[in-house]
$ cat query.cif   # mmCIF, C-alpha atoms
data_model
loop_
_atom_site.label_atom_id
_atom_site.label_comp_id
_atom_site.auth_asym_id
_atom_site.auth_seq_id
_atom_site.Cartn_x
_atom_site.Cartn_y
_atom_site.Cartn_z
CA MET N 51 127.76 122.36 62.33
CA SER N 52 128.16 119.25 60.33
CA ALA N 53 125.67 116.40 60.43
CA GLU N 54 128.21 114.33 62.33
CA ALA N 55 128.33 116.80 65.18
CA HIS N 56 124.60 116.26 65.65
CA GLY N 57 125.10 112.53 65.58
CA HIS N 58 122.93 112.00 62.50
CA ALA N 59 125.72 110.07 60.93
CA ASN N 60 125.09 107.29 63.44
CA HIS N 61 122.87 104.73 61.73
CA LEU N 62 121.51 103.60 65.11
CA VAL N 63 119.75 106.93 65.66
CA TYR N 64 116.19 107.24 64.40
CA HIS N 65 115.25 110.48 62.64
CA GLN N 66 113.15 111.93 65.48
CA TYR N 67 116.10 111.90 67.88
CA GLU N 68 118.93 114.37 68.05
CA ASP N 69 121.57 111.83 68.97
CA LEU N 70 122.10 108.38 70.45
CA GLU N 71 122.16 109.58 74.07
CA GLN N 72 118.78 111.29 73.71
CA GLN N 73 117.34 108.21 72.04
CA ARG N 74 118.63 105.97 74.81
CA GLU N 75 117.29 108.25 77.51
CA SER N 76 113.85 108.25 75.85
CA TYR N 77 113.77 104.44 75.82
CA ILE N 78 114.87 104.17 79.44
CA VAL N 79 112.38 106.79 80.66
CA GLY N 80 109.64 105.02 78.69
CA MET N 81 110.52 101.74 80.40
CA TRP N 82 110.56 103.37 83.83
CA SER N 83 107.13 104.92 83.27
CA PHE N 84 105.85 101.41 82.54
CA LEU N 85 107.50 100.18 85.74
CA VAL N 86 105.71 102.94 87.67
CA THR N 87 102.39 101.43 86.57
CA GLU N 88 103.71 98.06 87.71
CA ILE N 89 104.55 99.50 91.13
CA MET N 90 100.97 100.83 91.28
CA MET N 91 99.52 97.40 90.52
CA PHE N 92 101.66 95.52 93.04
CA GLY N 93 101.34 98.42 95.51
CA ALA N 94 97.59 97.91 95.79
CA LEU N 95 98.15 94.25 96.66
CA PHE N 96 100.80 95.13 99.25
CA LEU N 97 98.35 97.60 100.80
CA ALA N 98 95.64 94.90 100.98
CA TYR N 99 98.16 92.57 102.60
CA MET N 100 99.15 95.17 105.20
CA ILE N 101 95.56 95.98 106.15
CA TYR N 102 94.73 92.32 106.86
CA ARG N 103 98.09 91.62 108.45
CA MET N 104 97.45 94.45 110.93
CA GLN N 105 93.95 93.11 111.54
CA TYR N 106 94.91 89.44 112.03
CA GLN N 107 98.62 89.51 112.96
CA ASP N 108 98.31 86.69 115.53
CA HIS N 109 96.45 84.36 113.18
CA PHE N 110 98.69 85.25 110.22
CA TYR N 111 101.73 84.34 112.30
CA VAL N 112 100.35 80.85 112.94
CA ILE N 113 99.29 80.40 109.30
CA HIS N 114 102.62 81.57 107.86
CA LYS N 115 104.34 78.56 109.45
CA GLN N 116 102.82 76.52 106.60
CA LEU N 117 105.26 78.31 104.28
CA ASP N 118 108.84 77.01 104.32
CA TRP N 119 111.33 79.89 104.72
CA ARG N 120 114.12 77.69 103.31
CA VAL N 121 112.25 77.17 100.02
CA GLY N 122 111.50 80.91 99.85
CA GLY N 123 115.14 81.65 100.70
CA LEU N 124 116.36 79.35 97.94
CA ASN N 125 114.13 81.20 95.49
CA THR N 126 115.51 84.51 96.76
CA VAL N 127 119.06 83.35 96.02
CA VAL N 128 118.00 82.13 92.56
CA LEU N 129 116.35 85.46 91.71
CA LEU N 130 119.21 87.59 93.10
CA PHE N 131 121.67 85.61 91.01
CA SER N 132 119.44 85.92 87.93
CA SER N 133 119.46 89.70 88.42
CA PHE N 134 123.25 89.63 88.50
CA ALA N 135 123.29 87.49 85.32
CA MET N 136 120.95 89.97 83.65
CA ALA N 137 123.23 92.87 84.60
CA MET N 138 126.16 90.91 83.14
CA ALA N 139 124.23 90.43 79.88
CA VAL N 140 123.70 94.21 79.70
CA TYR N 141 127.40 94.75 80.37
CA TYR N 142 128.44 92.46 77.52
CA HIS N 143 125.99 94.15 75.20
CA GLN N 144 127.55 97.52 76.14
CA VAL N 145 131.02 96.22 75.28
CA LYS N 146 129.58 94.61 72.12
CA GLN N 147 130.05 90.89 72.71
CA PRO N 148 126.67 89.45 71.57
CA LYS N 149 127.75 85.84 72.04
CA LYS N 150 128.31 86.45 75.76
CA VAL N 151 125.05 88.40 76.01
CA PHE N 152 123.26 85.34 74.65
CA ASN N 153 124.99 82.99 77.09
CA TRP N 154 124.31 85.15 80.16
CA LEU N 155 120.67 85.37 79.08
CA ILE N 156 120.54 81.56 78.99
CA LEU N 157 121.68 81.66 82.61
CA VAL N 158 118.85 84.11 83.42
CA GLN N 159 116.38 81.76 81.69
CA LEU N 160 117.67 78.79 83.72
CA CYS N 161 117.27 80.78 86.96
CA ALA N 162 113.74 81.80 85.98
CA ALA N 163 112.86 78.19 85.18
CA ALA N 164 114.40 77.02 88.47
CA PHE N 165 112.39 79.66 90.33
CA LEU N 166 109.14 78.44 88.78
CA VAL N 167 109.96 74.76 89.36
CA ILE N 168 110.69 75.46 93.04
CA LYS N 169 107.64 77.72 93.41
CA ILE N 170 105.14 75.42 91.68
CA GLY N 171 106.66 72.05 92.51
CA LEU N 172 107.63 72.59 96.13
CA GLU N 173 105.00 75.14 97.16
CA TRP N 174 101.87 75.57 95.06
CA ILE N 175 101.15 71.91 94.22
CA PRO N 176 101.73 70.61 97.80
CA LYS N 177 99.49 73.47 99.05
CA ALA N 178 96.71 72.18 96.78
CA GLY N 179 97.27 68.70 98.26
CA HIS N 180 96.82 70.13 101.76
CA HIS N 181 93.57 71.89 100.74
CA LEU N 182 95.15 75.31 101.23
CA THR N 183 94.16 76.67 97.80
CA PRO N 184 91.10 78.96 98.04
CA PHE N 185 90.45 78.75 94.27
CA TYR N 186 90.83 74.98 93.80
CA GLY N 187 88.82 72.24 95.52
CA THR N 188 87.55 72.73 99.04
CA PHE N 189 89.57 74.91 101.38
CA GLU N 190 90.35 73.25 104.72
CA TRP N 191 92.42 74.29 107.70
CA HIS N 192 93.45 71.45 109.97
CA TYR N 193 96.58 72.83 111.58
CA GLY N 194 94.86 74.18 114.71
CA GLY N 195 96.45 77.12 116.48
CA GLY N 196 92.99 78.58 117.10
CA VAL N 197 92.94 79.90 113.54
CA PRO N 198 89.48 80.34 112.02
CA PRO N 199 89.45 78.72 108.55
CA GLU N 200 88.14 81.98 107.04
CA ILE N 201 91.27 83.84 108.14
CA ALA N 202 93.50 81.06 106.75
CA LYS N 203 91.56 81.33 103.50
CA LEU N 204 92.11 85.09 103.49
CA PHE N 205 95.84 84.60 104.06
CA PHE N 206 96.19 82.10 101.22
CA SER N 207 94.04 84.22 98.90
CA LEU N 208 96.53 87.07 99.41
CA TYR N 209 99.48 84.68 99.14
CA PHE N 210 98.35 83.17 95.84
CA ALA N 211 97.26 86.52 94.38
CA MET N 212 100.63 88.12 95.11
CA THR N 213 103.01 85.22 94.41
CA GLY N 214 100.80 84.24 91.44
CA LEU N 215 101.02 87.69 89.87
CA HIS N 216 104.76 87.67 90.56
CA GLY N 217 105.05 84.19 88.99
CA LEU N 218 103.15 85.44 85.95
CA HIS N 219 105.72 88.23 85.64
CA VAL N 220 108.51 85.64 85.71
CA VAL N 221 106.81 83.71 82.87
CA ILE N 222 106.34 86.92 80.83
CA GLY N 223 109.99 87.76 81.54
CA MET N 224 111.09 84.37 80.16
CA ILE N 225 109.09 84.97 76.96
CA VAL N 226 110.52 88.48 76.51
CA ILE N 227 114.09 87.31 77.21
CA GLY N 228 113.52 84.45 74.74
CA ALA N 229 112.43 86.95 72.07
CA LEU N 230 115.49 89.08 72.83
CA GLN N 231 117.77 86.04 72.53
CA TRP N 232 116.20 85.11 69.20
CA MET N 233 116.81 88.65 67.88
CA ILE N 234 120.41 88.63 69.11
CA HIS N 235 120.91 85.24 67.50
CA LYS N 236 119.49 86.52 64.17
CA LYS N 237 121.64 89.70 64.45
CA HIS N 238 118.46 91.76 64.12
CA PRO N 239 119.16 95.51 63.56
CA LEU N 240 116.88 96.43 66.49
CA VAL N 241 119.25 94.82 68.97
CA GLU N 242 122.42 96.32 67.54
CA ASP N 243 122.39 98.92 70.33
CA TYR N 244 122.38 97.59 73.90
CA ILE N 245 119.21 99.45 74.89
CA PRO N 246 116.70 96.58 74.26
CA THR N 247 118.73 94.35 76.60
CA GLU N 248 118.87 97.19 79.15
CA MET N 249 115.06 97.58 78.98
CA VAL N 250 114.41 93.85 79.43
CA GLY N 251 116.93 94.02 82.28
CA LEU N 252 115.01 96.82 84.00
CA TYR N 253 111.87 94.69 83.86
CA TRP N 254 113.70 91.67 85.23
CA HIS N 255 115.26 93.63 88.11
CA PHE N 256 111.80 94.95 88.95
CA VAL N 257 110.50 91.37 89.24
CA ASP N 258 113.45 90.73 91.58
CA ILE N 259 112.56 93.76 93.73
CA VAL N 260 108.97 92.56 94.14
CA TRP N 261 110.29 89.24 95.45
CA ILE N 262 112.69 91.06 97.82
CA PHE N 263 109.59 92.43 99.57
CA LEU N 264 107.42 89.32 99.25
CA TYR N 265 110.01 87.11 100.92
CA PRO N 266 110.19 88.74 104.39
CA LEU N 267 106.46 89.59 104.36
CA TYR N 268 105.30 86.02 103.78
CA TYR N 269 108.10 83.72 104.92
CA LEU N 270 109.79 85.60 107.79
CA MET N 271 106.82 86.91 109.74
CA PRO N 272 107.63 87.93 113.33
CA GLN N 273 105.44 86.75 116.19
CA MET C 108 120.68 117.97 79.66
CA SER C 109 121.14 120.00 76.50
CA GLU C 110 124.62 118.57 76.06
CA HIS C 111 124.72 114.91 75.14
CA THR C 112 128.43 114.70 74.91
CA HIS C 113 129.15 112.35 77.84
CA GLU C 114 129.74 108.68 77.19
CA HIS C 115 127.23 106.24 78.62
CA HIS C 116 128.38 104.74 81.90
CA ILE C 117 129.35 101.08 81.79
CA THR C 118 129.18 99.30 85.13
CA PRO C 119 132.12 96.85 85.37
CA PRO C 120 131.42 93.18 86.26
CA SER C 121 133.38 93.55 89.53
CA ALA C 122 130.91 96.21 90.75
CA LEU C 123 128.01 93.95 89.77
CA ALA C 124 129.54 90.99 91.60
CA ILE C 125 130.13 93.08 94.74
CA ASN C 126 126.49 94.16 94.59
CA LEU C 127 125.38 90.52 94.38
CA VAL C 128 127.48 89.64 97.45
CA LYS C 129 125.97 92.60 99.34
CA LEU C 130 122.44 91.48 98.41
CA ALA C 131 123.14 87.89 99.49
CA ALA C 132 124.58 89.12 102.80
CA LEU C 133 121.52 91.30 103.42
CA MET C 134 119.29 88.32 102.66
CA GLY C 135 121.16 86.31 105.31
CA LEU C 136 120.81 89.24 107.69
CA THR C 137 117.04 89.43 107.21
CA ILE C 138 116.69 85.68 107.95
CA LEU C 139 118.78 86.07 111.12
CA ALA C 140 116.85 89.19 112.17
CA ALA C 141 113.58 87.28 111.86
CA GLU C 142 114.84 84.84 114.52
CA VAL C 143 115.53 87.60 117.04
CA ASP C 144 112.72 88.89 119.22
CA PHE C 145 113.58 92.59 119.35
CA GLY C 146 110.55 93.35 121.51
CA HIS C 147 111.88 91.34 124.45
CA MET C 148 115.38 92.62 123.87
CA ILE C 149 114.49 96.30 123.82
CA PHE C 150 111.11 96.78 125.49
CA LYS C 151 110.91 93.60 127.62
CA ALA C 152 107.48 93.08 126.09
CA GLY C 153 106.24 90.91 123.23
CA ALA C 154 103.72 93.21 121.56
CA ALA C 155 106.19 95.87 120.46
CA GLY C 156 108.47 93.15 119.08
CA THR C 157 106.23 92.60 116.08
CA VAL C 158 106.49 96.26 115.14
CA VAL C 159 110.26 96.45 115.67
CA ASN C 160 110.84 93.19 113.77
CA ASN C 161 108.71 94.44 110.90
CA VAL C 162 110.57 97.75 110.78
CA VAL C 163 113.92 95.89 110.74
CA ALA C 164 112.79 93.45 108.00
CA MET C 165 111.33 96.22 105.83
CA THR C 166 114.38 98.45 106.29
CA ILE C 167 116.62 95.62 105.03
CA ALA C 168 114.22 95.04 102.10
CA VAL C 169 114.33 98.75 101.19
CA VAL C 170 118.16 98.72 101.31
CA LYS C 171 118.18 95.64 99.04
CA ALA C 172 115.75 97.27 96.61
CA TYR C 173 117.90 100.43 96.68
CA LEU C 174 121.01 98.42 95.76
CA VAL C 175 119.18 96.73 92.86
CA VAL C 176 117.80 100.06 91.58
CA GLN C 177 121.08 101.96 91.94
CA ILE C 178 123.60 99.38 90.70
CA PHE C 179 121.83 96.67 88.65
CA MET C 180 119.33 99.07 87.09
CA GLY C 181 122.03 101.74 86.81
CA VAL C 182 119.96 104.62 88.17
CA LYS C 183 123.04 105.85 90.05
CA TRP C 184 124.59 106.90 86.74
CA ALA C 185 121.35 107.73 84.91
CA THR C 186 120.18 111.16 83.71
CA GLN C 187 118.13 113.44 85.97
CA LEU C 188 114.94 112.69 84.04
CA THR C 189 115.41 108.93 84.48
CA LYS C 190 116.06 109.42 88.20
CA ILE C 191 112.82 111.37 88.61
CA TRP C 192 110.84 108.56 86.94
CA ALA C 193 112.68 105.82 88.80
CA TYR C 194 111.97 107.27 92.23
CA PHE C 195 108.50 108.61 91.43
CA GLY C 196 106.97 105.12 91.57
CA PHE C 197 108.40 104.40 95.00
CA ILE C 198 107.37 107.80 96.33
CA TRP C 199 103.87 107.10 95.02
CA LEU C 200 103.93 103.77 96.86
CA ALA C 201 104.87 105.47 100.14
CA THR C 202 101.99 107.90 99.59
CA LEU C 203 99.60 105.01 99.00
CA LEU C 204 100.61 103.41 102.29
CA ILE C 205 99.47 106.54 104.13
CA THR C 206 96.01 105.06 103.48
CA LEU C 207 96.85 102.72 106.36
CA GLY C 208 96.48 105.68 108.71
CA ASP C 209 92.80 105.70 107.87
CA TYR C 210 92.41 102.05 108.75
CA THR C 211 94.22 102.37 112.06
CA SER C 212 92.49 105.56 113.22
CA ARG C 213 88.87 104.83 112.29
CA TYR C 214 86.15 102.62 113.64
CA TRP C 215 85.42 99.57 111.50
CA GLU C 216 81.72 99.26 110.88
CA ASP C 217 80.29 95.79 111.30
CA HIS C 218 79.79 93.92 108.12
CA ARG C 219 78.40 90.46 107.56
CA GLY C 220 81.06 87.96 106.66
CA TRP C 221 83.83 89.64 108.63
CA TYR C 222 83.28 87.35 111.55
CA ALA C 223 85.14 84.13 111.53
CA ASN C 224 83.06 81.84 113.69
CA SER C 225 79.40 81.02 113.59
CA THR C 226 78.50 82.28 117.10
CA GLU C 227 79.76 85.72 116.16
CA VAL C 228 77.78 85.58 112.93
CA THR C 229 74.66 84.61 114.86
CA ALA C 230 75.27 87.42 117.35
CA PHE C 231 75.73 89.82 114.47
CA GLN C 232 72.61 88.56 112.73
CA SER C 233 70.52 89.18 115.85
CA VAL C 234 71.79 92.78 115.92
CA VAL C 235 70.84 93.18 112.26
CA ASP C 236 67.39 91.70 112.92
CA GLN C 237 66.91 94.06 115.86
CA ARG C 238 67.82 97.08 113.73
CA LYS C 239 65.51 95.92 110.96
CA LYS C 240 62.64 95.59 113.44
CA GLU C 241 63.28 99.08 114.81
CA GLN C 242 63.34 100.53 111.33
CA GLN C 243 60.08 98.84 110.44
CA GLU C 244 58.44 100.18 113.58
CA GLU C 245 59.73 103.66 112.84
CA PHE C 246 58.46 103.43 109.30
CA ALA C 247 55.04 102.24 110.48
CA LYS C 248 54.86 105.15 112.95
CA GLU C 249 55.71 107.67 110.25
CA HIS C 250 53.17 106.09 107.96
CA GLU C 251 50.51 106.34 110.66
CA ALA C 252 51.35 109.99 111.31
CA GLU C 253 51.13 110.78 107.62
CA ALA C 254 47.84 108.93 107.28
CA ALA C 255 46.48 110.92 110.24
CA LYS C 256 47.66 114.14 108.59
CA SER C 257 45.99 113.40 105.27
CA GLY C 258 42.87 112.34 107.23
CA GLU C 259 42.77 115.83 108.80
CA GLY C 260 43.05 117.34 105.36
CA HIS C 261 39.75 115.80 104.28
#
$ encode --input "query.cif" --output "structure tokens"
Amino acid sequence: MSAEAHGHANHLVYHQYEDLEQQRESYIVGMWSFLVTEIMMFGALFLAYMIYRMQYQDHFYVIHKQLDWRVGGLNTVVLLFSSFAMAMAVYYHQVKQPKKVFNWLILVQLCAAAFLVIKIGLEWIPKAGHHLTPFYGTFEWHYGGGVPPEIAKLFFSLYFAMTGLHGLHVVIGMIVIGALQWMIHKKHPLVEDYIPTEMVGLYWHFVDIVWIFLYPLYYLMPQ
Amino acid sequence: MSEHTHEHHITPPSALAINLVKLAALMGLTILAAEVDFGHMIFKAGAAGTVVNNVVAMTIAVVKAYLVVQIFMGVKWATQLTKIWAYFGFIWLATLLITLGDYTSRYWEDHRGWYANSTEVTAFQSVVDQRKKEQQEEFAKEHEAEAAKSGEGH
């Protein structure tokens, strides 16, 4: 067999890999194993949420009315669209149009920024103004409903821990996408193959999936 | 997977756009479903409604996550090894949630700070004080018995 049959002729393939497909699979599996650890981290928080939700369902229902489902819904639309934009960036990298990859990634960045502006500006900062932040100032509950302030504090501790960790992932995503864009702009050899974009995409879609679960659990609680 | 001859699958933009529309529709569906009280509709009782509504909301969320994983993340066309890794995390999550069975089937021991209002805390404190007193009395009794024993020894 010639070297070409093994794929060694392809300059994209590093020496430890047999061919491009094997190399790509290794990268993707590596990324997924990282995402498994991410599922474990968020999973523990979801479990904590479920335990207290089962314990204090009636109180949680009253407290959750302080969250606006329309704001959460708007953020859901923004993140779903950003996932689509990310998938489009991967598509254009697969068909080798780096200019379009760059532009679709700008769209993802804009969505991520919009998500954070909505989240922080319309939700987190007003919550601090209403004394509903357990980690900042004094926590107060003056919305009645027979809710003990301790339970409201518990609810908002969970809310800020989970949406905060998710928000942190959005910020990290923006940094990673920015780095990817810079490399594409510089025509860096590492981003000649589409796999780096695909890997960043997997991370971004994961962030989207976390929000898909956070939205109904926090904003659309049944009575 | 010894043969790496197949070309990598490229998902066309039309498929991605259709997936986005599906996800948006499911999001609308989950908002509408939250407005419906399934408990009164099906069981004519409020309590079961919470459970049914939660099951409906979570089922829609799982379908949405499935669409993202399959189409946007491309697991549908991925290799067997990738599929195993991709679904392993979610299977692990389902296993973790079995922990809930423990919380629902066991007695929760009292613990200070779990009670929300002060009267309950006071009531709890009196129980703690009572137990402490009993323990001290028991300890004193044992001590006396031991002292008597060692006294006999002399």
$ closest_residue --input "query.cif" --among "N:Pro176, N:Gly223, N:Pro246, N:Pro184" --to "Phe205 in chain N" --atoms "all atoms listed in the file"
N:Pro184
$ closest_residue --input "query.cif" --among "C:Gln242, C:Ile178, C:Lys171, C:Ala201" --to "Tyr141 in chain N" --atoms "only C-alpha atoms"
C:Ile178
$ closest_atom_pairs --input "query.cif" --of "chain C" --to "chain N" --cutoff "8 Å" --atoms "only C-alpha atoms" --output "tab-separated table"
residue	atom	partner	partner_atom	distance
C:His111	CA	N:Glu71	CA	6.0
C:His115	CA	N:Glu71	CA	7.6
C:Ile117	CA	N:Tyr141	CA	6.8
C:Thr118	CA	N:Tyr141	CA	6.8
C:Pro119	CA	N:Tyr141	CA	7.2
C:Pro120	CA	N:Met138	CA	6.5
C:Leu123	CA	N:Phe134	CA	6.6
C:Ala124	CA	N:Phe134	CA	7.1
C:Leu127	CA	N:Phe134	CA	6.3
C:Leu130	CA	N:Leu130	CA	7.3
C:Ala131	CA	N:Val127	CA	7.0
C:Met134	CA	N:Thr126	CA	8.0
C:Thr137	CA	N:Pro266	CA	7.4
C:Ile138	CA	N:Leu270	CA	6.9
C:Ala141	CA	N:Leu270	CA	5.8
C:Glu142	CA	N:Pro272	CA	7.9
C:Asp144	CA	N:Pro272	CA	7.8
C:Gly156	CA	N:Gln273	CA	7.6
C:Thr157	CA	N:Pro272	CA	5.6
C:Asn160	CA	N:Pro272	CA	6.2
C:Asn161	CA	N:Pro272	CA	7.0
C:Ala164	CA	N:Pro266	CA	6.5
C:Met165	CA	N:Phe263	CA	7.5
C:Ala168	CA	N:Phe263	CA	5.9
C:Lys171	CA	N:Ile262	CA	7.3
C:Ala172	CA	N:Ile259	CA	5.5
C:Val175	CA	N:His255	CA	6.9
C:Val176	CA	N:His255	CA	7.7
C:Phe179	CA	N:Ala137	CA	5.7
C:Met180	CA	N:Leu252	CA	5.8
C:Thr186	CA	N:Glu75	CA	7.4
C:Leu188	CA	N:Val79	CA	7.3
C:Thr189	CA	N:Val79	CA	5.3
C:Trp192	CA	N:Trp82	CA	6.1
C:Ala193	CA	N:Trp82	CA	5.9
C:Phe195	CA	N:Val86	CA	7.4
C:Gly196	CA	N:Val86	CA	4.6
C:Phe197	CA	N:Ile89	CA	7.3
C:Trp199	CA	N:Met90	CA	7.9
C:Leu200	CA	N:Gly93	CA	6.1
C:Leu203	CA	N:Gly93	CA	7.7
C:Leu204	CA	N:Leu97	CA	6.4
C:Leu207	CA	N:Ile101	CA	6.9
C:Tyr210	CA	N:Ile101	CA	7.3
C:Ala223	CA	N:Pro198	CA	5.8
C:Asn224	CA	N:Pro198	CA	6.8
$ residues_near_point --input "query.cif" --point "(112.7, 87.8, 72.8)" --cutoff "12 Å" --atoms "all atoms listed in the file" --output "VMD selection string"
chain N and resid 152 155 to 156 159 222 to 236 238 240 to 241 246 to 247 249 to 250
$ resolve_selection --input "query.cif" --expression "the PyMOL selection byres ((chain N and resi 181) around 12)" --output "list of chain:residue names"
N:Gln116, N:Trp174, N:Ile175, N:Pro176, N:Lys177, N:Ala178, N:Gly179, N:His180, N:Leu182, N:Thr183, N:Pro184, N:Phe185, N:Tyr186, N:Gly187, N:Thr188, N:Phe189, N:Glu190, N:Trp191, N:His192, N:Tyr193, N:Pro199, N:Ala202, N:Lys203, N:Phe206
$ atom_distance --input "query.cif" --atom1 "CA of Gly171 in chain N" --atom2 "CA of Gly135 in chain C"
24.0 Å
$ atom_distance --input "query.cif" --atom1 "CA of Lys237 in chain N" --atom2 "CA of Leu157 in chain N"
19.9 Å
$ build_atoms --input "query.cif" --residues "range 148-173 of chain N" --atoms "N, CA and C atoms" --output "tab-separated table (two decimals), in the coordinates of the input"
chain	number	residue	atom	x	y	z
N	148	PRO	N	128.00	90.07	71.60
N	148	PRO	CA	126.67	89.45	71.57
N	148	PRO	C	126.63	87.98	71.97
N	149	LYS	N	127.69	87.26	71.69
N	149	LYS	CA	127.75	85.84	72.04
N	149	LYS	C	127.61	85.67	73.56
N	150	LYS	N	128.36	86.52	74.30
N	150	LYS	CA	128.31	86.45	75.76
N	150	LYS	C	126.97	86.94	76.29
N	151	VAL	N	126.39	87.93	75.61
N	151	VAL	CA	125.05	88.40	76.01
N	151	VAL	C	124.09	87.22	75.97
N	152	PHE	N	124.14	86.49	74.85
N	152	PHE	CA	123.26	85.34	74.65
N	152	PHE	C	123.45	84.31	75.76
N	153	ASN	N	124.71	84.02	76.08
N	153	ASN	CA	124.99	82.99	77.09
N	153	ASN	C	124.53	83.42	78.50
N	154	TRP	N	124.75	84.69	78.84
N	154	TRP	CA	124.31	85.15	80.16
N	154	TRP	C	122.78	85.14	80.24
N	155	LEU	N	122.13	85.41	79.09
N	155	LEU	CA	120.67	85.37	79.08
N	155	LEU	C	120.16	83.94	79.26
N	156	ILE	N	120.91	82.96	78.75
N	156	ILE	CA	120.54	81.56	78.99
N	156	ILE	C	120.56	81.28	80.50
N	157	LEU	N	121.57	81.82	81.16
N	157	LEU	CA	121.68	81.66	82.61
N	157	LEU	C	120.46	82.28	83.32
N	158	VAL	N	120.04	83.46	82.84
N	158	VAL	CA	118.85	84.11	83.42
N	158	VAL	C	117.63	83.21	83.21
N	159	GLN	N	117.51	82.65	82.00
N	159	GLN	CA	116.38	81.76	81.69
N	159	GLN	C	116.38	80.54	82.62
N	160	LEU	N	117.56	79.97	82.85
N	160	LEU	CA	117.67	78.79	83.72
N	160	LEU	C	117.23	79.15	85.14
N	161	CYS	N	117.67	80.33	85.62
N	161	CYS	CA	117.27	80.78	86.96
N	161	CYS	C	115.76	80.96	87.04
N	162	ALA	N	115.19	81.58	86.00
N	162	ALA	CA	113.74	81.80	85.98
N	162	ALA	C	112.99	80.47	86.01
N	163	ALA	N	113.48	79.51	85.21
N	163	ALA	CA	112.86	78.19	85.18
N	163	ALA	C	112.99	77.51	86.54
N	164	ALA	N	114.18	77.62	87.15
N	164	ALA	CA	114.40	77.02	88.47
N	164	ALA	C	113.45	77.64	89.50
N	165	PHE	N	113.30	78.96	89.41
N	165	PHE	CA	112.39	79.66	90.33
N	165	PHE	C	110.98	79.09	90.23
N	166	LEU	N	110.51	78.92	88.98
N	166	LEU	CA	109.14	78.44	88.78
N	166	LEU	C	108.99	76.98	89.22
N	167	VAL	N	110.02	76.17	88.96
N	167	VAL	CA	109.96	74.76	89.36
N	167	VAL	C	109.87	74.67	90.89
N	168	ILE	N	110.70	75.47	91.58
N	168	ILE	CA	110.69	75.46	93.04
N	168	ILE	C	109.34	75.97	93.55
N	169	LYS	N	108.89	77.08	92.98
N	169	LYS	CA	107.64	77.72	93.41
N	169	LYS	C	106.44	76.79	93.21
N	170	ILE	N	106.32	76.25	92.00
N	170	ILE	CA	105.14	75.42	91.68
N	170	ILE	C	105.29	74.02	92.29
N	171	GLY	N	106.46	73.42	92.09
N	171	GLY	CA	106.66	72.05	92.51
N	171	GLY	C	106.72	71.87	94.02
N	172	LEU	N	107.44	72.77	94.69
N	172	LEU	CA	107.63	72.59	96.13
N	172	LEU	C	106.63	73.39	96.97
N	173	GLU	N	105.91	74.32	96.35
N	173	GLU	CA	105.00	75.14	97.16
N	173	GLU	C	103.54	75.06	96.70
